[in-house]
Structure formats: structure tokens, C-alpha cells
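S.K.: My structure file target-v7.pdb, PDB, C-alpha atoms and all ligand atoms, is below:
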```pdb
ATOM      1  CA  MET N   1      90.081 106.592 103.326
ATOM      2  CA  ILE N   2      90.839 102.917 103.507
ATOM      3  CA  VAL N   3      94.134 102.828 101.622
ATOM      4  CA  LYS N   4      96.901 105.351 101.258
ATOM      5  CA  TRP N   5      99.544 105.082  98.577
ATOM      6  CA  SER N   6     103.138 105.414  99.697
ATOM      7  CA  THR N   7     106.550 104.793  98.189
ATOM      8  CA  ASP N   8     106.384 101.298  99.717
ATOM      9  CA  TYR N   9     104.198 100.476  96.718
ATOM     10  CA  GLN N  10     106.599 101.774  94.089
ATOM     11  CA  VAL N  11     107.348  99.419  91.215
ATOM     12  CA  ASN N  12     109.838 101.686  89.438
ATOM     13  CA  ASN N  13     107.557 102.396  86.516
ATOM     14  CA  ILE N  14     105.962 105.837  86.671
ATOM     15  CA  GLU N  15     102.903 104.919  84.637
ATOM     16  CA  ILE N  16     102.163 101.805  86.624
ATOM     17  CA  ASP N  17     102.729 103.644  89.904
ATOM     18  CA  LYS N  18     100.167 106.210  88.734
ATOM     19  CA  GLU N  19      97.702 103.479  87.862
ATOM     20  CA  HIS N  20      98.115 101.941  91.303
ATOM     21  CA  GLN N  21      97.424 105.342  92.836
ATOM     22  CA  SER N  22      94.280 105.638  90.730
ATOM     23  CA  LEU N  23      93.189 102.188  91.865
ATOM     24  CA  PHE N  24      93.600 103.318  95.463
ATOM     25  CA  ASP N  25      91.550 106.464  94.714
ATOM     26  CA  ILE N  26      88.755 104.384  93.201
ATOM     27  CA  LEU N  27      88.782 102.005  96.147
ATOM     28  CA  ASN N  28      88.632 104.956  98.557
ATOM     29  CA  ASP N  29      85.628 106.375  96.675
ATOM     30  CA  PHE N  30      83.922 103.027  96.898
ATOM     31  CA  TYR N  31      84.635 102.782 100.627
ATOM     32  CA  LYS N  32      83.284 106.292 101.111
ATOM     33  CA  GLY N  33      80.157 105.347  99.186
ATOM     34  CA  ILE N  34      79.527 102.471 101.569
ATOM     35  CA  GLN N  35      80.184 104.630 104.617
ATOM     36  CA  ASP N  36      77.879 107.365 103.346
ATOM     37  CA  GLY N  37      75.108 104.842 102.775
ATOM     38  CA  SER N  38      74.956 105.614  99.048
ATOM     39  CA  SER N  39      72.186 104.159  96.931
ATOM     40  CA  LYS N  40      72.439 100.688  95.482
ATOM     41  CA  GLU N  41      72.753 102.175  91.989
ATOM     42  CA  LYS N  42      75.602 104.400  93.012
ATOM     43  CA  LEU N  43      77.481 101.608  94.752
ATOM     44  CA  ALA N  44      76.940  99.372  91.741
ATOM     45  CA  ARG N  45      78.431 102.076  89.506
ATOM     46  CA  LEU N  46      81.401 102.490  91.827
ATOM     47  CA  ILE N  47      82.177  98.802  91.780
ATOM     48  CA  GLU N  48      81.725  98.730  87.996
ATOM     49  CA  GLY N  49      84.263 101.535  87.757
ATOM     50  CA  LEU N  50      86.659  99.609  89.926
ATOM     51  CA  LEU N  51      86.312  96.469  87.811
ATOM     52  CA  GLU N  52      86.796  98.424  84.602
ATOM     53  CA  TYR N  53      89.850 100.232  85.836
ATOM     54  CA  ALA N  54      91.392  97.093  87.336
ATOM     55  CA  GLN N  55      91.037  95.360  83.960
ATOM     56  CA  ILE N  56      92.671  98.257  82.113
ATOM     57  CA  HIS N  57      95.497  98.309  84.627
ATOM     58  CA  PHE N  58      96.049  94.538  84.545
ATOM     59  CA  THR N  59      96.235  94.596  80.749
ATOM     60  CA  HIS N  60      98.825  97.395  80.802
ATOM     61  CA  GLU N  61     100.822  95.612  83.415
ATOM     62  CA  GLU N  62     100.768  92.328  81.507
ATOM     63  CA  GLU N  63     101.942  94.141  78.372
ATOM     64  CA  TYR N  64     104.752  95.679  80.354
ATOM     65  CA  MET N  65     105.819  92.339  81.841
ATOM     66  CA  GLN N  66     105.787  90.867  78.359
ATOM     67  CA  SER N  67     107.931  93.724  77.037
ATOM     68  CA  VAL N  68     110.659  93.066  79.621
ATOM     69  CA  ASN N  69     110.375  89.270  79.206
ATOM     70  CA  PHE N  70     109.389  88.755  82.804
ATOM     71  CA  PRO N  71     109.404  84.971  83.376
ATOM     72  CA  GLY N  72     106.579  85.039  85.928
ATOM     73  CA  LEU N  73     104.041  86.472  83.487
ATOM     74  CA  ASP N  74     101.721  83.447  83.308
ATOM     75  CA  ALA N  75     101.475  83.011  87.070
ATOM     76  CA  HIS N  76     100.928  86.738  87.445
ATOM     77  CA  LYS N  77      98.140  86.736  84.862
ATOM     78  CA  LYS N  78      96.404  83.989  86.821
ATOM     79  CA  GLU N  79      96.456  86.170  89.937
ATOM     80  CA  HIS N  80      94.822  88.998  87.999
ATOM     81  CA  GLU N  81      92.199  86.636  86.589
ATOM     82  CA  ALA N  82      91.365  85.259  90.024
ATOM     83  CA  PHE N  83      90.825  88.763  91.363
ATOM     84  CA  MET N  84      88.574  89.736  88.453
ATOM     85  CA  LYS N  85      86.563  86.565  88.840
ATOM     86  CA  LYS N  86      86.043  86.965  92.556
ATOM     87  CA  THR N  87      85.229  90.675  92.384
ATOM     88  CA  ASN N  88      82.861  90.099  89.448
ATOM     89  CA  LYS N  89      81.089  87.496  91.574
ATOM     90  CA  PHE N  90      80.649  90.037  94.362
ATOM     91  CA  TYR N  91      79.260  92.472  91.823
ATOM     92  CA  GLU N  92      76.818  89.955  90.364
ATOM     93  CA  LYS N  93      75.627  88.829  93.781
ATOM     94  CA  TYR N  94      75.188  92.435  94.806
ATOM     95  CA  THR N  95      73.212  93.507  91.764
ATOM     96  CA  SER N  96      70.975  90.426  92.029
ATOM     97  CA  GLY N  97      70.268  91.210  95.676
ATOM     98  CA  LYS N  98      72.082  88.202  97.109
ATOM     99  CA  LEU N  99      74.753  90.158  98.877
ATOM    100  CA  LEU N 100      75.044  93.374 100.782
ATOM    101  CA  LEU N 101      78.202  95.259 100.019
ATOM    102  CA  SER N 102      79.948  95.442 103.287
ATOM    103  CA  LEU N 103      83.225  96.237 104.825
ATOM    104  CA  GLU N 104      84.073  92.613 104.232
ATOM    105  CA  VAL N 105      83.994  93.092 100.468
ATOM    106  CA  THR N 106      85.917  96.346 100.719
ATOM    107  CA  ASN N 107      88.478  94.693 102.936
ATOM    108  CA  PHE N 108      88.914  91.785 100.576
ATOM    109  CA  ILE N 109      89.616  94.207  97.707
ATOM    110  CA  LYS N 110      91.940  96.302  99.817
ATOM    111  CA  GLU N 111      93.883  93.325 101.149
ATOM    112  CA  TRP N 112      94.162  91.775  97.720
ATOM    113  CA  ILE N 113      95.381  94.932  95.980
ATOM    114  CA  THR N 114      97.885  95.958  98.644
ATOM    115  CA  HIS N 115      99.235  92.440  99.065
ATOM    116  CA  HIS N 116      99.402  91.917  95.311
ATOM    117  CA  ILE N 117     101.368  95.109  94.642
ATOM    118  CA  LYS N 118     103.807  94.529  97.492
ATOM    119  CA  ASN N 119     104.400  90.889  96.703
ATOM    120  CA  GLU N 120     103.602  90.164  93.059
ATOM    121  CA  ASP N 121     104.042  93.477  91.254
ATOM    122  CA  LYS N 122     107.316  94.020  93.101
ATOM    123  CA  LYS N 123     108.666  90.866  91.458
ATOM    124  CA  TYR N 124     108.622  92.338  87.950
ATOM    125  CA  ALA N 125     109.935  95.634  89.373
ATOM    126  CA  VAL N 126     112.963  93.856  90.798
ATOM    127  CA  PHE N 127     113.390  91.776  87.634
ATOM    128  CA  ALA N 128     113.227  94.798  85.310
ATOM    129  CA  GLN N 129     115.948  96.563  87.304
ATOM    130  CA  LYS N 130     118.509  93.830  86.821
TER     131      LYS N 130
HETATM  132 FE    FE B 201      99.411  96.211  89.555
HETATM  133 FE    FE B 202      99.731  92.791  89.025
END
```
Turn the structure described in the file into C-alpha cells.
M.R.:
Amino acid sequence: MIVKWSTDYQVNNIEIDKEHQSLFDILNDFYKGIQDGSSKEKLARLIEGLLEYAQIHFTHEEEYMQSVNFPGLDAHKKEHEAFMKKTNKFYEKYTSGKLLLSLEVTNFIKEWITHHIKNEDKKYAVFAQK
């Protein structure tokens, strides 16, 4: 396990909290796949799953921010886009044989997600509570 969800990550929206927990689960599966020395195909599928789920989550979250008129929506969307772009690049490089999926990639994803929830997602949580 590389990440563990805790109440420190709560954003006061049950659905979004659940999605964050699922993201952590997917990331842990991916990490396990690397540790177990899973096949290239399997690792590719795991990272595809992560990208797909992240996109679904980001869309939900953006809809939520819109629904509460969160003023930081545009900046937040840009953060999501940057993550998708960078992680897609990793995926492309990996599937074309230009990159080995390593702990470095896993750590980037982990650091980004945990930092993003604690710093960016928390902003709309605080705003929506006012
Ligand atoms: Fe989020
Ligand atoms: Fe977010």
C-alpha cells in the first residue's frame, strides 16, 4: 500500500470522499502491480484504469464546484488538466517502450493526488461550508 485514506482528506462531500478513496485503491493496485512485477499489459491496463477513473472523478468534482459557484473553478480545472496530461504522457511513453514504469511514476501520482486533495480540493470544501 502506498497511500492510505484518512479523515485528513475529507472534503465534506460523501460522494467525493468515496471517489477519493477509490482513487487511492486504484493507485494501491497499480503500486502492487509494479511491486509484483506484473506484465506490461497488466500494468498498462492498471494505468488506463487510473486515468479513466481520475477523469470521471475530475468531471464530477468540477460539476460540484460549479453547482456551489466556487470561484476557483477555472484554476482548479487547469490543475486537473495538467495531471491528466502528464499522466497520459507517462502512459504513452510506457506503451511505446520509452519508459519503464517505476516507483518514480507511482510517487509522482501519489504526491500529486495527496497534495491536490489536501490543498486544492479542501478549498472548495471550505468554501461550500460557508
Ligand atoms: Fe478530487
Ligand atoms: Fe480536484
S.K.: May I have the residues within 12 Å of stretch 25-30 of chain N as a PyMOL selection string, using all atoms listed in the file and disregarding those fewer than 5 positions away in the same chain?
M.R.: chain N and resi 1-5+18-20+35-40+42-54+101-103+105-114
S.K.: Need to verify the contact set: N:Thr95, 9 Å, all atoms listed in the file, exclusion of same-chain residues closer than 3 positions in sequence. Can you return it as a list in words?
M.R.: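 Neighbouring residues, sequence-local ones excluded: Lys40, Glu41, Ala44, Phe90, Tyr91, Glu92, Lys98 and Leu99 of chain N.
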S.K.: How close does each residue of chain N get to ligand FE 202 (chain B), giving the shortest atom pair and distance in Å to one decimal for every residue with an atom at most 8 Å away, counting all atoms listed in the file, sorted by chain and residue number, as JSON lines?
M.R.:
```
{"residue": "N:Phe58", "atom": "CA", "partner": "B:FE202", "partner_atom": "FE", "distance": 6.1}
{"residue": "N:Glu61", "atom": "CA", "partner": "B:FE202", "partner_atom": "FE", "distance": 6.4}
{"residue": "N:Glu62", "atom": "CA", "partner": "B:FE202", "partner_atom": "FE", "distance": 7.6}
{"residue": "N:His76", "atom": "CA", "partner": "B:FE202", "partner_atom": "FE", "distance": 6.4}
{"residue": "N:Lys77", "atom": "CA", "partner": "B:FE202", "partner_atom": "FE", "distance": 7.5}
{"residue": "N:Glu79", "atom": "CA", "partner": "B:FE202", "partner_atom": "FE", "distance": 7.4}
{"residue": "N:His80", "atom": "CA", "partner": "B:FE202", "partner_atom": "FE", "distance": 6.3}
{"residue": "N:His116", "atom": "CA", "partner": "B:FE202", "partner_atom": "FE", "distance": 6.4}
{"residue": "N:Ile117", "atom": "CA", "partner": "B:FE202", "partner_atom": "FE", "distance": 6.3}
{"residue": "N:Glu120", "atom": "CA", "partner": "B:FE202", "partner_atom": "FE", "distance": 6.2}
{"residue": "N:Asp121", "atom": "CA", "partner": "B:FE202", "partner_atom": "FE", "distance": 4.9}
```
S.K.: Tell me which protein, DNA and RNA residues are within 9 Å of N:Phe127, counting only C-alpha atoms, leaving out same-chain ones fewer than 2 positions away, and put them as an mmCIF file with C-alpha atoms, in the coordinates of the input.
M.R.:
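The new file around-v7.cif reads:
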```cif
data_model
loop_
_atom_site.group_PDB
_atom_site.id
_atom_site.type_symbol
_atom_site.label_atom_id
_atom_site.label_comp_id
_atom_site.auth_asym_id
_atom_site.auth_seq_id
_atom_site.Cartn_x
_atom_site.Cartn_y
_atom_site.Cartn_z
ATOM 1 C CA VAL N 68 110.659 93.066 79.621
ATOM 2 C CA PHE N 70 109.389 88.755 82.804
ATOM 3 C CA PRO N 71 109.404 84.971 83.376
ATOM 4 C CA LYS N 122 107.316 94.020 93.101
ATOM 5 C CA LYS N 123 108.666 90.866 91.458
ATOM 6 C CA TYR N 124 108.622 92.338 87.950
ATOM 7 C CA ALA N 125 109.935 95.634 89.373
ATOM 8 C CA GLN N 129 115.948 96.563 87.304
ATOM 9 C CA LYS N 130 118.509 93.830 86.821
#
```
S.K.: One decimal, in Å: what's the spacing between atom CA of N:His57 and atom CA of N:Asn13?
M.R.: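 Computing it gives 12.9 Å between the two atoms.
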S.K.: Atom CA of N:Asn88 and atom CA of N:Ser67 are how many Å apart?
M.R.: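 If I compute the distance from atom CA of N:Asn88 to atom CA of N:Ser67, I get 28.2 Å.
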S.K.: So how many Å separate atom CA of N:Lys85 and atom CA of N:Gln55, to one decimal?
M.R.: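 One can read the atom CA of N:Lys85 to atom CA of N:Gln55 distance as 11.0 Å.
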S.K.: Go through N:Thr87, N:Ile56, N:Ser6, N:Gly33 and flag the residue nearest ligand FE 201 (chain B), using only C-alpha atoms and all ligand atoms for the distances.
M.R.: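 Selected residue with least distance to ligand FE 201 (chain B): N:Ile56.
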S.K.: Nearest residue to N:Ala128 out of N:Gln10, N:Gln21, N:Asn69, N:Thr59, using all atoms listed in the file?
M.R.: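 Ranking N:Gln10, N:Gln21, N:Asn69, N:Thr59 by distance to N:Ala128, first place goes to N:Asn69.
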S.K.: Stretch 10-20 of chain N, all listed atoms, 5 Å padding on each side: what axis-aligned box centre and edge lengths in Å to one decimal come out, as AutoDock Vina command-line options?
M.R.:
```
--center_x 103.8 --center_y 102.8 --center_z 89.4 --size_x 22.1 --size_y 16.8 --size_z 19.5
```
S.K.: Could you complete stretch 70-91 of chain N so that it carries N, CA, C and O atoms, and give it back as an mmCIF file, in the frame of the given file?
M.R.:
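Contents of result.cif, freshly written:
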```cif
data_model
loop_
_atom_site.group_PDB
_atom_site.id
_atom_site.type_symbol
_atom_site.label_atom_id
_atom_site.label_comp_id
_atom_site.auth_asym_id
_atom_site.auth_seq_id
_atom_site.Cartn_x
_atom_site.Cartn_y
_atom_site.Cartn_z
ATOM 1 N N PHE N 70 109.486 89.224 81.419
ATOM 2 C CA PHE N 70 109.389 88.755 82.804
ATOM 3 C C PHE N 70 108.937 87.284 82.822
ATOM 4 O O PHE N 70 107.873 86.958 82.288
ATOM 5 N N PRO N 71 109.737 86.408 83.438
ATOM 6 C CA PRO N 71 109.404 84.971 83.376
ATOM 7 C C PRO N 71 108.158 84.574 84.173
ATOM 8 O O PRO N 71 107.591 83.509 83.931
ATOM 9 N N GLY N 72 107.739 85.406 85.114
ATOM 10 C CA GLY N 72 106.579 85.039 85.928
ATOM 11 C C GLY N 72 105.251 85.521 85.367
ATOM 12 O O GLY N 72 104.243 85.541 86.078
ATOM 13 N N LEU N 73 105.253 85.882 84.087
ATOM 14 C CA LEU N 73 104.041 86.472 83.487
ATOM 15 C C LEU N 73 102.794 85.593 83.620
ATOM 16 O O LEU N 73 101.737 86.075 84.028
ATOM 17 N N ASP N 74 102.907 84.303 83.285
ATOM 18 C CA ASP N 74 101.721 83.447 83.308
ATOM 19 C C ASP N 74 101.110 83.338 84.706
ATOM 20 O O ASP N 74 99.890 83.450 84.867
ATOM 21 N N ALA N 75 101.967 83.126 85.692
ATOM 22 C CA ALA N 75 101.475 83.011 87.070
ATOM 23 C C ALA N 75 100.831 84.332 87.500
ATOM 24 O O ALA N 75 99.788 84.353 88.161
ATOM 25 N N HIS N 76 101.441 85.423 87.078
ATOM 26 C CA HIS N 76 100.928 86.738 87.445
ATOM 27 C C HIS N 76 99.550 86.987 86.816
ATOM 28 O O HIS N 76 98.633 87.493 87.459
ATOM 29 N N LYS N 77 99.437 86.588 85.551
ATOM 30 C CA LYS N 77 98.140 86.736 84.862
ATOM 31 C C LYS N 77 97.042 85.989 85.602
ATOM 32 O O LYS N 77 95.918 86.465 85.723
ATOM 33 N N LYS N 78 97.390 84.799 86.096
ATOM 34 C CA LYS N 78 96.404 83.989 86.821
ATOM 35 C C LYS N 78 95.924 84.711 88.077
ATOM 36 O O LYS N 78 94.757 84.628 88.442
ATOM 37 N N GLU N 79 96.829 85.404 88.740
ATOM 38 C CA GLU N 79 96.456 86.170 89.937
ATOM 39 C C GLU N 79 95.438 87.255 89.561
ATOM 40 O O GLU N 79 94.447 87.463 90.249
ATOM 41 N N HIS N 80 95.738 87.953 88.467
ATOM 42 C CA HIS N 80 94.822 88.998 87.999
ATOM 43 C C HIS N 80 93.449 88.415 87.673
ATOM 44 O O HIS N 80 92.423 88.982 88.051
ATOM 45 N N GLU N 81 93.469 87.266 86.974
ATOM 46 C CA GLU N 81 92.199 86.636 86.589
ATOM 47 C C GLU N 81 91.385 86.245 87.817
ATOM 48 O O GLU N 81 90.163 86.430 87.839
ATOM 49 N N ALA N 82 92.071 85.695 88.811
ATOM 50 C CA ALA N 82 91.365 85.259 90.024
ATOM 51 C C ALA N 82 90.702 86.450 90.723
ATOM 52 O O ALA N 82 89.566 86.359 91.185
ATOM 53 N N PHE N 83 91.401 87.565 90.737
ATOM 54 C CA PHE N 83 90.825 88.763 91.363
ATOM 55 C C PHE N 83 89.586 89.225 90.596
ATOM 56 O O PHE N 83 88.547 89.547 91.185
ATOM 57 N N MET N 84 89.698 89.278 89.270
ATOM 58 C CA MET N 84 88.574 89.736 88.453
ATOM 59 C C MET N 84 87.365 88.825 88.651
ATOM 60 O O MET N 84 86.236 89.286 88.767
ATOM 61 N N LYS N 85 87.634 87.530 88.695
ATOM 62 C CA LYS N 85 86.563 86.565 88.840
ATOM 63 C C LYS N 85 85.847 86.754 90.183
ATOM 64 O O LYS N 85 84.621 86.825 90.242
ATOM 65 N N LYS N 86 86.626 86.846 91.229
ATOM 66 C CA LYS N 86 86.043 86.965 92.556
ATOM 67 C C LYS N 86 85.283 88.298 92.721
ATOM 68 O O LYS N 86 84.178 88.332 93.252
ATOM 69 N N THR N 87 85.876 89.370 92.228
ATOM 70 C CA THR N 87 85.229 90.675 92.384
ATOM 71 C C THR N 87 83.984 90.769 91.498
ATOM 72 O O THR N 87 82.974 91.351 91.885
ATOM 73 N N ASN N 88 84.048 90.157 90.306
ATOM 74 C CA ASN N 88 82.861 90.099 89.448
ATOM 75 C C ASN N 88 81.729 89.345 90.126
ATOM 76 O O ASN N 88 80.564 89.704 90.000
ATOM 77 N N LYS N 89 82.085 88.286 90.836
ATOM 78 C CA LYS N 89 81.089 87.496 91.574
ATOM 79 C C LYS N 89 80.414 88.355 92.640
ATOM 80 O O LYS N 89 79.191 88.333 92.790
ATOM 81 N N PHE N 90 81.213 89.132 93.357
ATOM 82 C CA PHE N 90 80.649 90.037 94.362
ATOM 83 C C PHE N 90 79.655 90.973 93.691
ATOM 84 O O PHE N 90 78.563 91.210 94.189
ATOM 85 N N TYR N 91 80.088 91.515 92.552
ATOM 86 C CA TYR N 91 79.260 92.472 91.823
ATOM 87 C C TYR N 91 77.938 91.838 91.384
ATOM 88 O O TYR N 91 76.865 92.419 91.589
#
```
